[in-house]
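These notes concern the structure reproduced below.
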Amino acid sequence: MKLSVFCSENKKSELPQLRLALDDFFIEYNTILFSGNDSLDSKMSALKQVLGSTFFYLLIPTQEDLNSQWISFVAGYSRMNTENTLFLYNEGTPPEWMKEFSIAKDLESLMVFFKGKTQSWNGQIQKALALNTLQDRLKEHTHQDFFRVVNEGDRFMTSVFLDAGFEVNKLSNNQVSLLGAAARQGHNSIAKILVEAGAEINLLSLDRNNTPLMDAASNGHVELVRFFIDNGAELEIESKSGQTALILASGNGQIDCARVLIEAGADCDKKDSMGLSARKYAQLYQTQALLEIMPPAPE
C-alpha cells in the first residue's frame, strides 16, 4: 500500500521517524516538500503526479502553511475523499476547515489511525486492482460477463468480479443465479467462493424456479448437493413443475444425489404437478437401489 505525503520543509525532520513507523504497516509513501516561498505553479506538475499516485493522503503542515496555496489546493482536492485523508498537526487548535478530516497530534495517534484504517484501505486497493484487471482482460465487464466466467468455471475471474464489487445475488439476463450456474455446471470451487462471498443458498433461478441444490441434484453433482445441504439449503422447495430436489434426482436417475437427500430427510412421497413422487419415479424406472434406502411409505 502507498501513501502520498505532503510535508512542510519545516517538518521534514519528522519523516525518518514516520518511515520507520509506517514500515510496521507495510505502507510505502511518496513525499513532496513545500516551503513558504513555493508558488503553486512551480510545484503543480509534481503535485499532480503525487496526488494521482495513490488514494491515500497525509498532510504535515506548520501553522504558517495553513494560508499557503499548496495546502489550499491539496485540502480542496482531498475533500472529495476525506475518509482517506489525514493531517498530522500539533501547532495549536486546528482551523474549522481542517476538522472535516482526521487529525493526529503526534506519531503515536497517527499509528492508531493507520491501524484502524489499514483493512478498509486495503479493501479499496483490492477493488481498484480488480477493476483494472477487468478493464485489461475484457472489452466489457457487465454482470452478464460475470455470469459467463462463472458458467465457464474461471475461478480467477470470478474472484476478480467479486473483488470489483459486482453483486453476487443478481440474476443473469436469462434469470439464472450465479450460484445456480455453478451448480448446473458442477463447478464446486466456484460455488464455494460464491457462498463465502454471500451468495444466498436458496436463491431461485427464475427460468426453472430451481434452487442451486435442485440444479446440482438434477445434474448429478453429489459433492455440491452435500455442500449446499451443509450450508442450510432447504430440501422441499418446488420447481415450476412442482418438483423438489429429490424428485429431480430420482427422475433423472441421479442415485448418489438422491441417496444424500434421503439421508438428509427429504420427503420421498411429496408429489409434483404430474402427481409423481420420488418414490414413484424410482418405481417407474425400477431404480431398486433407491427404493431400498427409502423409508417405508406412509399408510
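Scheme for the C-alpha cells: letters A, B, ... for chains in order shown; per-chain residue numbers from 1; ligand numbers from 1 in order shown.
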message = Could you list, as a ChimeraX atom specification, every residue within 8 Å of Ser205 (chain A), counting only C-alpha atoms and ignoring same-chain residues fewer than 5 positions away?
response = /A:171,175-177,180,210-212
Next, the residues of the selection above should be written as a tab-separated table (two decimals), in the first residue's frame with C-alpha atoms.
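Written file, out22.tsv:
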```
chain	number	residue	atom	x	y	z
A	171	LEU	CA	-29.65	-12.91	-11.80
A	175	GLN	CA	-32.85	-15.21	-14.91
A	176	VAL	CA	-30.27	-17.70	-13.62
A	177	SER	CA	-28.34	-17.04	-10.40
A	180	GLY	CA	-27.27	-21.79	-9.86
A	210	ASN	CA	-34.80	-24.03	-9.14
A	211	THR	CA	-32.53	-23.50	-6.17
A	212	PRO	CA	-28.81	-24.33	-6.51
```
query = Quick one: DSSP strand (DSSP E or B) residues in region 59-221 of chain A, as an MDAnalysis selection string?
reply = chainID A and resid 59:60 85:88 102:104 205 210
query = Nearest to Ala181 (chain A) among A:Ala46, A:Ile247, A:Leu261, A:Val150, with distances taken over only C-alpha atoms: which residue is it?
reply = A:Val150
message = So that I can check the surroundings of Ser241 (chain A), please list as a list in words every protein, DNA and RNA residue that reaches within 10 Å of it, counting only C-alpha atoms and ignoring chain neighbours fewer than 3 positions away.
response =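 That gives Arg208, Asn209, Asn210, Glu238, Thr244, Asp272, Ser273 and Met274 of chain A.
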query = Which residues, written as a list in words, have at least one atom at most 12 Å from Thr62 (chain A), with only C-alpha atoms counted and residues fewer than 5 positions away on the same chain left out?
reply =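 The residues that qualify are Phe6, Cys7, Ser8, Glu9, Asn10, Lys11, Lys12, Phe34, Ser35, Gly36, Asn67, Ser68, Ile71, Phe87, Leu88, Tyr89, Asn90, Glu91, Gly92, Thr93 and Pro94 of chain A.
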query = When distances are computed from only C-alpha atoms, which of A:Leu86, A:Ile190, A:Leu224, A:Val168 shows the smallest separation from Arg155 (chain A)?
reply =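 That would be A:Ile190, the residue with the smallest distance to Arg155 (chain A).
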inquiry  = When DSSP is applied to the backbone of this structure, which of region 53-234 of chain A are assigned helix (DSSP H, G or I)? Write them out as a PyMOL selection string.
reply    = chain A and resi 64-67+69-84+96-100+107-137+143-152+155-163+178-185+188-196+212-218+222-230
request  = Find, counting only C-alpha atoms, the residue in A:Gly198, A:Pro61, A:Gly253, A:Pro298 that gets nearest to Ala217 (chain A).
outcome  =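 Closest residue, counting only C-alpha atoms: A:Gly253.
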key: Distance criterion (only C-alpha atoms): nearest to Leu33 (chain A) out of A:Ile229, A:Leu20, A:Val50, A:Ala164   =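 Nearest to Leu33 (chain A): A:Val50.
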ask   = So what do you get for CA of Val222 (chain A) versus CA of Ala266 (chain A), distance-wise?
value = 14.9 Å
note = From the list A:Leu22, A:Pro95, A:Gln69, A:Asn30, the nearest residue to Ser42 (chain A) using only C-alpha atoms is A:Gln69
query = What is the CA of Glu152 (chain A) to CA of Phe228 (chain A) distance in Å?
reply =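 Distance reported for this atom pair: 20.3 Å.
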